[in-house]
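Chemist: Could you have a look at this structure, given as C-alpha cells, before my questions?
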Amino acid sequence: MREAAVIFLNGVRRDVRGGDAMMMLADWLRGEEGLPGTKVVCAEGDCGACTVLRSFRGSGFDAVNACITTVAQMDGSHLVTVEGLERSGELAPAQEAMMKCHASQCGYCTPGFVMALTAMRERHATPSRTTVANYLTGNLCRCTGYEQILDAGCAMVAPKSHSLAERYRDAASVDVCNQVTSQPLSIVAPSIRFHAPTTLRAALALMASEDGCRVLAGGTDLGVPVNKGAAWAQTLLSLHLIPDLDLVEVGRRRVTVGANATLSCVRRACEGAVPEFARFLNLFASPQIKNTATLAGNVANASPIGDTLPFLFVAGGTLHLARRAPEHGRIERRELSIDQAFSGYRRLALQPGELITHVSFDATRKGETLRLFKVSQRKDLDISAVSAAFAITRVGNRSGEYPVIDGARVAYGGIAATPVRLAQVEDALRGELTPAKVASVASLITHAIAPISDLRGSSAYRRIVAANLFRRFADEVMRG
Ligand SMILES: Cc1cc2nc3c(=O)[nH]c(=O)nc-3n(C[C@H](O)[C@H](O)[C@H](O)COP(=O)(O)OP(=O)(O)OC[C@H]3O[C@@H](n4cnc5c(N)ncnc54)[C@H](O)[C@@H]3O)c2cc1C
Ligand code: FES
Ligand code: FES
C-alpha cells in the first residue's frame with residue numbers, strides 16, 4: 001500500500017504524504033514548492049488564475065484548476081506549471097503572443113491565460129478564433145479586455161522546441177506513473193483519510209466498512225465548499241486508480257460512461273453519437289472544470305440545475321450501481337433509471353454503501369430530433385436558471401403542412417426540487433404540431449410547473465422561460 005501520492009512536477013518526481021497531500025494543489029505549489037506563478041483569486045474554479053496543465057494515463061496535457069483540486073487527486077499525473085514553460089530563457093509561444101498582442105496589463109490573470117492557451121496549442125496547431133474563445137471560457141481578466149487575448153491565441157506560433165508532451169512525458173517517468181497507479185494509495189492526514197484502491201471490490205469494501213465514506217471524483221462540487229471553510233468528509237474514496245471505470249464506450253444504440261470519465265472525454269466521444277449533447281457540453285462550465293469533473297459526479301450531486309440531467313431524462317439515462325452485499329460480501333449490481341434516481345432536493349436514491357460505476361444513455365437515433373437548452377445570466381461559465389431537453393420522433397407531415405410527432409420526451413431543470421420529466425406535456429405533443437397545439441402546450445407547461453424564486457430568477461420568470469424554450473423548439477421543428 002502506498003502512503004504518498006506521486007506526481008511529476010515540471011519533470012521532477014514528488015512524493016507527497018499526509019496533510020500536504022490533502023492541500024489544494026495551488027496552495028501546495030505556492031506554499032510548499034515555491035512556485036508562485038500559479039495564482040489564486042476566486043478559489044472557486046471560476047477565474048482560471050490557478051490553471052496548471054495535467055497529463056494522466058497517457059492523455060495530452062489539459063488545463064485544470066489547481067485551486068479546487070487536492071494534490072492527492074493528481075496522483076500518477078504529470079503536471080506543468082507556468083514556471084515549467086520556460087526553456088533556456090526563451091518565452092513559450094503563448095507568452096510571446098500575449099506580449100506581442102499587448103494582452104496583459106496588471107498581469108495577475110496572465111499566467112492562467114498562458115496556461116489555457118498552451119493547453120489549446122497542445123491539441124490545435126491552427127485554432128480558429130472560436131476555438132480560442134472556447135479554450136478561454138474559464139479565464140477572467142478584469143483589466144486588459146479580451147480582444148487582445150483572443151488575438152494572442154490566434155497569433156501563437158509553433159513552439160520552437162518540443163511540445164510539452166514530448167518534453168515532460170519521457171519514457172522513464174511514464175513507467176513510474178504506470179507502476180505507481182497499479183498500487184493502491186492510502187493517505188492519512190489530520191482528520192481525513194484518502195483512499196484510492198485499484199479494484200472495484202476494494203472500493204466497495206471501503207464504502208461498506210467506513211462510516212460516512214464519500215466518493216471524491218473531480219471534486220469540482222466538493223472542493224468549493226472546502227475553500228469556504230467546510231470540512232472534507234472523514235473518509236474520501238477516489239476511484240481514479242480503477243481503470244475499468246475510465247471507460248467511455250460508444251455503441252450503435254447506447255453510450256456508456258465510466259465513473260472516472262471526465263466531461264471533456266464525454267464531449268469528445270459524443271461528437272458523432274450524440275452531437276447535440278456534445279454541443280451543449282460546450283456551455284457546461286469551462287475546459288478546466290470539464291477536464292476534471294465527471295458525468296457520474298454531476299448526477300450524484302443531484303442538483304436540480306445539474307446541466308446533464310434533463311438530457312439524461314430524455315435519452316433513457318440509466319445509472320449502473322454497485323455495492324458490497326451485507327449478507328455475503330459479494331458485489332451486488334443493479335440498474336436504476338434516471339426517472340427513479342432522485343428522491344428529493346439534492347437526494348439520490350442510493351442504498352448505503354452503493355456507488356455509481358457507470359452512466360449510460362441512448363445514442364441519437366435516425367429520425368430523432370434532440371435539442372438541449374440552458375438559460376443563465378451569462379452564456380459561459382454560469383449556472384443555469386432553467387435548462388430544458390426535448391427529444392421527438394416524427395412521422396412526416398400528414399397534411400403536408402405541419403409535422404406529425406409520434407413520440408416525445410420533455411424534461412426541465414431548475415423548475416422544481418429535482419429535475420423533472422413532464423409526461424402530460426409529452427402526451428399532449430403527440431400528433432400534428434400546429435400553431436394552436438404549440439400555444440396550448442406552452443400554456444400547459446406554464447401551469448404544470450411550480451418553480452421556486454431565488455437569486456437566479458423568480459418563479460414567474462422561470463415559468464415564462466420554460467414555456468418560451470418549448471416555443472423555440474417547436475418553431476425549429478415546424479421550420480424543419
Ligand atoms: C466553476 C464551476 C462551474 C460549474 N459549472 C457547472 C455547469 O455549468 N453545469 C453544471 O451542471 N455543473 C457545474 N458545476 C458543478 C460541477 O462541476 C459538476 O456537478 C460536476 O459534474 C461534478 O463532478 P465531479 O466529478 O467534480 O464531482 P465531485 O465534486 O467529486 O462529487 C460530487 C458529488 O458526487 C458524488 N460522487 C461522485 N462520483 C460518484 C460516484 N461514482 N458514485 C457515487 N457518488 C459519487 C460525490 O460524493 C459528491 O457528493 C460547476 C462547478 C464549478 C466549480
Ligand atoms: S483561483 Fe479562480 S479558478 Fe482557481
Ligand atoms: S491583466 Fe489584469 S486581470 Fe488580466
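Ordering of the C-alpha cells sets the chain letters (A, B, ...), residue numbers begin anew at 1 in every chain, and ligands are numbered from 1 in the order given.
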Within 10 Å of ligand 3, counting only C-alpha atoms and all ligand atoms, which protein or nucleic acid residues do you find, written as a PyMOL selection string?
Modeler: chain A and resi 41+47+49+102-113+139-146+149
Chemist: Listing only residues of chain A within 7 Å of ligand 2, what is the closest atom pair and its distance in Å (to one decimal) for each, using only C-alpha atoms and all ligand atoms, sorted by chain and residue number ascending, as CSV?
Modeler:
residue,atom,partner,partner_atom_place_in_ligand_line,distance
A:Lys39,CA,ligand 2,1 (S),6.4
A:Val40,CA,ligand 2,1 (S),3.8
A:Val41,CA,ligand 2,1 (S),4.2
A:Cys42,CA,ligand 2,2 (Fe),3.9
A:Ala43,CA,ligand 2,1 (S),4.1
A:Glu44,CA,ligand 2,3 (S),5.5
A:Gly45,CA,ligand 2,3 (S),3.4
A:Asp46,CA,ligand 2,3 (S),4.4
A:Cys47,CA,ligand 2,2 (Fe),3.8
A:Gly48,CA,ligand 2,3 (S),4.0
A:Ala49,CA,ligand 2,1 (S),5.1
A:Cys50,CA,ligand 2,4 (Fe),4.4
A:Thr51,CA,ligand 2,4 (Fe),6.8
A:Asn65,CA,ligand 2,4 (Fe),5.2
A:Ala66,CA,ligand 2,4 (Fe),6.0
A:Cys67,CA,ligand 2,4 (Fe),4.3
A:Ile68,CA,ligand 2,4 (Fe),6.7
Chemist: Show which residues sit within 10 Å of region 265-282 of chain A, as a PyMOL selection string. Count only C-alpha atoms, and ignore same-chain residues fewer than 3 positions away.
Modeler: chain A and resi 134-135+137+246-258+260-262+285-287+290-292+294-295+307-308+311-312+315+361-365+369-374+380-381+389
Chemist: Using only C-alpha atoms and all ligand atoms, determine which residues fall within 6 Å of ligand 1, then list them as number ranges by chain.
Modeler: A: 44-46, 214-222, 259, 284-285, 289, 293-298, 300-301, 306-307, 355-357, 381-383
Chemist: Each residue of region 315-387 of chain A lying at most 10 Å from region 452-465 of chain A should get a row with its shortest atom-to-atom pair and the distance in Å to one decimal, counting only C-alpha atoms; could you produce that, ordered by chain and increasing number, as a Markdown table?
Modeler:
| residue | atom | partner | partner_atom | distance |
| --- | --- | --- | --- | --- |
| A:Val375 | CA | A:Val465 | CA | 8.1 |
| A:Ser376 | CA | A:Arg456 | CA | 7.8 |
| A:Gln377 | CA | A:Arg456 | CA | 7.6 |
| A:Ile383 | CA | A:Arg456 | CA | 8.4 |
| A:Ser384 | CA | A:Arg456 | CA | 7.9 |
| A:Ala385 | CA | A:Arg456 | CA | 5.4 |
| A:Val386 | CA | A:Arg462 | CA | 6.6 |
| A:Ser387 | CA | A:Val465 | CA | 9.2 |
Chemist: Export N, CA and C atoms of the chosen residues as an mmCIF file, in the first residue's frame?
Modeler:
data_model
loop_
_atom_site.group_PDB
_atom_site.id
_atom_site.type_symbol
_atom_site.label_atom_id
_atom_site.label_comp_id
_atom_site.auth_asym_id
_atom_site.auth_seq_id
_atom_site.Cartn_x
_atom_site.Cartn_y
_atom_site.Cartn_z
ATOM 1 N N VAL A 375 -30.438 28.295 -19.963
ATOM 2 C CA VAL A 375 -30.594 29.751 -19.838
ATOM 3 C C VAL A 375 -29.911 30.177 -18.544
ATOM 4 N N SER A 376 -28.935 31.070 -18.677
ATOM 5 C CA SER A 376 -28.217 31.558 -17.499
ATOM 6 C C SER A 376 -27.934 33.042 -17.707
ATOM 7 N N GLN A 377 -27.463 33.701 -16.641
ATOM 8 C CA GLN A 377 -27.308 35.158 -16.756
ATOM 9 C C GLN A 377 -26.216 35.538 -17.748
ATOM 10 N N ILE A 383 -24.162 29.144 -13.943
ATOM 11 C CA ILE A 383 -25.098 28.117 -13.505
ATOM 12 C C ILE A 383 -26.460 28.395 -14.147
ATOM 13 N N SER A 384 -27.169 27.357 -14.541
ATOM 14 C CA SER A 384 -28.466 27.544 -15.224
ATOM 15 C C SER A 384 -29.514 28.139 -14.293
ATOM 16 N N ALA A 385 -30.365 29.000 -14.847
ATOM 17 C CA ALA A 385 -31.615 29.350 -14.152
ATOM 18 C C ALA A 385 -32.649 28.289 -14.529
ATOM 19 N N VAL A 386 -32.714 27.989 -15.827
ATOM 20 C CA VAL A 386 -33.609 26.940 -16.342
ATOM 21 C C VAL A 386 -32.848 26.200 -17.436
ATOM 22 N N SER A 387 -33.014 24.884 -17.481
ATOM 23 C CA SER A 387 -32.484 24.127 -18.622
ATOM 24 C C SER A 387 -33.594 23.213 -19.120
#
Chemist: Let's see if you can do this: from backbone DSSP, list all strand (DSSP E or B) residues in region 166-289 of chain A, as number ranges by chain.
Modeler: A: 185-189, 192-196, 213-215, 235-237, 248-250, 254-258, 262
Chemist: Which residues, written as number ranges by chain, have at least one atom at most 6 Å from Ala21 (chain A), with only C-alpha atoms counted and residues fewer than 3 positions away on the same chain left out?
Modeler: A: 16-18, 71-72
Chemist: Residues of region 49-229 of chain A classed as alpha helix (DSSP H) by DSSP on the backbone are to be reported as a PyMOL selection string.
Modeler: chain A and resi 93-100+110-123+129-135+146-155+164-168+171-180+200-209+223-227
Chemist: Per residue of region 230-315 of chain A within 9 Å of region 412-434 of chain A, record the nearest atom pair and its distance in Å to one decimal, counting only C-alpha atoms, with rows in chain order and ascending residue number, as a Markdown table.
Modeler:
| residue | atom | partner | partner_atom | distance |
| --- | --- | --- | --- | --- |
| A:Ala302 | CA | A:Thr418 | CA | 7.5 |
| A:Ser303 | CA | A:Thr418 | CA | 6.8 |
| A:Pro304 | CA | A:Thr418 | CA | 4.4 |
| A:Ile305 | CA | A:Gly414 | CA | 5.0 |
| A:Gly306 | CA | A:Gly413 | CA | 7.2 |
| A:Asp307 | CA | A:Gly413 | CA | 7.4 |
| A:Leu309 | CA | A:Pro419 | CA | 6.7 |
| A:Pro310 | CA | A:Tyr412 | CA | 5.5 |
| A:Phe311 | CA | A:Tyr412 | CA | 8.8 |
| A:Phe313 | CA | A:Arg421 | CA | 6.7 |
| A:Val314 | CA | A:Arg421 | CA | 7.8 |
Chemist: For the residues in that selection, give me N, CA and C atoms as a PDB file, in the first residue's frame.
Modeler:
ATOM      1  N   ALA A 302     -26.859  15.551  -7.664  1.00  0.00           N
ATOM      2  CA  ALA A 302     -28.330  15.599  -7.592  1.00  0.00           C
ATOM      3  C   ALA A 302     -28.893  17.017  -7.488  1.00  0.00           C
ATOM      4  N   SER A 303     -28.233  17.938  -8.160  1.00  0.00           N
ATOM      5  CA  SER A 303     -28.727  19.316  -8.127  1.00  0.00           C
ATOM      6  C   SER A 303     -29.871  19.465  -9.126  1.00  0.00           C
ATOM      7  N   PRO A 304     -30.911  20.223  -8.779  1.00  0.00           N
ATOM      8  CA  PRO A 304     -31.997  20.428  -9.751  1.00  0.00           C
ATOM      9  C   PRO A 304     -31.527  21.187 -10.984  1.00  0.00           C
ATOM     10  N   ILE A 305     -30.348  21.831 -10.881  1.00  0.00           N
ATOM     11  CA  ILE A 305     -29.828  22.550 -12.051  1.00  0.00           C
ATOM     12  C   ILE A 305     -28.570  21.881 -12.600  1.00  0.00           C
ATOM     13  N   GLY A 306     -28.377  20.595 -12.285  1.00  0.00           N
ATOM     14  CA  GLY A 306     -27.280  19.845 -12.908  1.00  0.00           C
ATOM     15  C   GLY A 306     -27.547  19.796 -14.414  1.00  0.00           C
ATOM     16  N   ASP A 307     -26.616  20.292 -15.202  1.00  0.00           N
ATOM     17  CA  ASP A 307     -26.915  20.517 -16.620  1.00  0.00           C
ATOM     18  C   ASP A 307     -27.057  19.252 -17.450  1.00  0.00           C
ATOM     19  N   LEU A 309     -28.628  16.590 -16.537  1.00  0.00           N
ATOM     20  CA  LEU A 309     -29.746  15.760 -16.092  1.00  0.00           C
ATOM     21  C   LEU A 309     -30.962  15.794 -17.029  1.00  0.00           C
ATOM     22  N   PRO A 310     -31.424  16.976 -17.485  1.00  0.00           N
ATOM     23  CA  PRO A 310     -32.549  16.946 -18.435  1.00  0.00           C
ATOM     24  C   PRO A 310     -32.226  16.085 -19.663  1.00  0.00           C
ATOM     25  N   PHE A 311     -30.963  16.192 -20.136  1.00  0.00           N
ATOM     26  CA  PHE A 311     -30.576  15.337 -21.274  1.00  0.00           C
ATOM     27  C   PHE A 311     -30.734  13.861 -20.917  1.00  0.00           C
ATOM     28  N   PHE A 313     -32.639  12.493 -18.809  1.00  0.00           N
ATOM     29  CA  PHE A 313     -34.065  12.148 -18.705  1.00  0.00           C
ATOM     30  C   PHE A 313     -34.659  11.828 -20.085  1.00  0.00           C
ATOM     31  N   VAL A 314     -34.281  12.580 -21.111  1.00  0.00           N
ATOM     32  CA  VAL A 314     -34.896  12.325 -22.415  1.00  0.00           C
ATOM     33  C   VAL A 314     -34.119  11.288 -23.224  1.00  0.00           C
TER      34      VAL A 314
END
Chemist: I want to know what sits within 10 Å of region 170-187 of chain A, based on only C-alpha atoms, with residues of the same chain fewer than 4 positions away left out; could you give that as a PyMOL selection string?
Modeler: chain A and resi 1-8+11-13+16-22+56-58+72+75-78+165-166+192-199+202+236-238+240-243
Chemist: Residues within 8 Å of Ala63 (chain A), please, as a PyMOL selection string. Count only C-alpha atoms; anything in the same chain fewer than 6 positions from it doesn't count.
Modeler: chain A and resi 51-54+115-116+119+287-288+291
Chemist: Would you output that residue set with all heavy atoms, as a PDB file, in the first residue's frame?
Modeler:
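Once everything was written out, this is part.pdb:
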ATOM      1  N   THR A  51      -4.694  28.089 -13.264  1.00  0.00           N
ATOM      2  CA  THR A  51      -4.627  26.998 -14.250  1.00  0.00           C
ATOM      3  C   THR A  51      -3.240  26.358 -14.335  1.00  0.00           C
ATOM      4  O   THR A  51      -2.233  27.053 -14.491  1.00  0.00           O
ATOM      5  CB  THR A  51      -5.026  27.541 -15.648  1.00  0.00           C
ATOM      6  OG1 THR A  51      -6.329  28.112 -15.550  1.00  0.00           O
ATOM      7  CG2 THR A  51      -5.024  26.437 -16.700  1.00  0.00           C
ATOM      8  N   VAL A  52      -3.210  25.044 -14.223  1.00  0.00           N
ATOM      9  CA  VAL A  52      -1.986  24.268 -14.491  1.00  0.00           C
ATOM     10  C   VAL A  52      -2.360  23.186 -15.499  1.00  0.00           C
ATOM     11  O   VAL A  52      -3.535  22.973 -15.786  1.00  0.00           O
ATOM     12  CB  VAL A  52      -1.400  23.626 -13.201  1.00  0.00           C
ATOM     13  CG1 VAL A  52      -1.044  24.681 -12.177  1.00  0.00           C
ATOM     14  CG2 VAL A  52      -2.360  22.596 -12.607  1.00  0.00           C
ATOM     15  N   LEU A  53      -1.346  22.522 -16.050  1.00  0.00           N
ATOM     16  CA  LEU A  53      -1.627  21.501 -17.061  1.00  0.00           C
ATOM     17  C   LEU A  53      -1.339  20.121 -16.501  1.00  0.00           C
ATOM     18  O   LEU A  53      -0.354  19.915 -15.783  1.00  0.00           O
ATOM     19  CB  LEU A  53      -0.774  21.742 -18.311  1.00  0.00           C
ATOM     20  CG  LEU A  53      -0.905  23.129 -18.931  1.00  0.00           C
ATOM     21  CD1 LEU A  53      -0.177  23.183 -20.263  1.00  0.00           C
ATOM     22  CD2 LEU A  53      -2.365  23.501 -19.144  1.00  0.00           C
ATOM     23  N   ARG A  54      -2.230  19.184 -16.852  1.00  0.00           N
ATOM     24  CA  ARG A  54      -2.112  17.831 -16.299  1.00  0.00           C
ATOM     25  C   ARG A  54      -2.206  16.785 -17.419  1.00  0.00           C
ATOM     26  O   ARG A  54      -3.045  16.893 -18.312  1.00  0.00           O
ATOM     27  CB  ARG A  54      -3.276  17.598 -15.333  1.00  0.00           C
ATOM     28  CG  ARG A  54      -3.304  16.198 -14.784  1.00  0.00           C
ATOM     29  CD  ARG A  54      -4.667  15.873 -14.233  1.00  0.00           C
ATOM     30  NE  ARG A  54      -4.621  14.634 -13.483  1.00  0.00           N
ATOM     31  CZ  ARG A  54      -5.673  13.891 -13.195  1.00  0.00           C
ATOM     32  NH1 ARG A  54      -6.864  14.278 -13.578  1.00  0.00           N
ATOM     33  NH2 ARG A  54      -5.543  12.778 -12.525  1.00  0.00           N
ATOM     34  N   MET A 115      -1.393  29.461 -19.590  1.00  0.00           N
ATOM     35  CA  MET A 115      -1.526  28.010 -19.440  1.00  0.00           C
ATOM     36  C   MET A 115      -2.717  27.489 -20.260  1.00  0.00           C
ATOM     37  O   MET A 115      -2.629  26.437 -20.902  1.00  0.00           O
ATOM     38  CB  MET A 115      -1.697  27.625 -17.963  1.00  0.00           C
ATOM     39  CG  MET A 115      -0.513  27.976 -17.086  1.00  0.00           C
ATOM     40  SD  MET A 115       1.068  27.442 -17.771  1.00  0.00           S
ATOM     41  CE  MET A 115       1.118  25.730 -17.294  1.00  0.00           C
ATOM     42  N   ALA A 116      -3.830  28.232 -20.246  1.00  0.00           N
ATOM     43  CA  ALA A 116      -5.005  27.784 -21.022  1.00  0.00           C
ATOM     44  C   ALA A 116      -4.670  27.780 -22.518  1.00  0.00           C
ATOM     45  O   ALA A 116      -5.050  26.856 -23.248  1.00  0.00           O
ATOM     46  CB  ALA A 116      -6.195  28.690 -20.732  1.00  0.00           C
ATOM     47  N   ALA A 119      -2.465  24.834 -23.329  1.00  0.00           N
ATOM     48  CA  ALA A 119      -3.252  23.591 -23.431  1.00  0.00           C
ATOM     49  C   ALA A 119      -3.908  23.511 -24.806  1.00  0.00           C
ATOM     50  O   ALA A 119      -3.931  22.454 -25.446  1.00  0.00           O
ATOM     51  CB  ALA A 119      -4.316  23.553 -22.340  1.00  0.00           C
ATOM     52  N   PRO A 287     -13.304  24.614 -19.835  1.00  0.00           N
ATOM     53  CA  PRO A 287     -12.452  23.441 -20.106  1.00  0.00           C
ATOM     54  C   PRO A 287     -11.771  22.943 -18.832  1.00  0.00           C
ATOM     55  O   PRO A 287     -11.687  21.736 -18.602  1.00  0.00           O
ATOM     56  CB  PRO A 287     -11.422  23.968 -21.103  1.00  0.00           C
ATOM     57  CG  PRO A 287     -12.060  25.140 -21.743  1.00  0.00           C
ATOM     58  CD  PRO A 287     -12.978  25.745 -20.724  1.00  0.00           C
ATOM     59  N   GLN A 288     -11.297  23.880 -17.993  1.00  0.00           N
ATOM     60  CA  GLN A 288     -10.597  23.466 -16.767  1.00  0.00           C
ATOM     61  C   GLN A 288     -11.493  22.579 -15.901  1.00  0.00           C
ATOM     62  O   GLN A 288     -11.040  21.584 -15.341  1.00  0.00           O
ATOM     63  CB  GLN A 288     -10.173  24.697 -15.939  1.00  0.00           C
ATOM     64  CG  GLN A 288      -8.994  25.478 -16.500  1.00  0.00           C
ATOM     65  CD  GLN A 288      -9.414  26.593 -17.429  1.00  0.00           C
ATOM     66  OE1 GLN A 288     -10.410  26.481 -18.150  1.00  0.00           O
ATOM     67  NE2 GLN A 288      -8.663  27.674 -17.452  1.00  0.00           N
ATOM     68  N   ASN A 291     -12.281  19.188 -17.585  1.00  0.00           N
ATOM     69  CA  ASN A 291     -11.143  18.262 -17.628  1.00  0.00           C
ATOM     70  C   ASN A 291     -10.985  17.471 -16.336  1.00  0.00           C
ATOM     71  O   ASN A 291     -10.162  16.555 -16.278  1.00  0.00           O
ATOM     72  CB  ASN A 291      -9.836  19.025 -17.919  1.00  0.00           C
ATOM     73  CG  ASN A 291      -9.783  19.510 -19.354  1.00  0.00           C
ATOM     74  OD1 ASN A 291     -10.415  18.918 -20.230  1.00  0.00           O
ATOM     75  ND2 ASN A 291      -9.051  20.578 -19.609  1.00  0.00           N
TER      76      ASN A 291
END
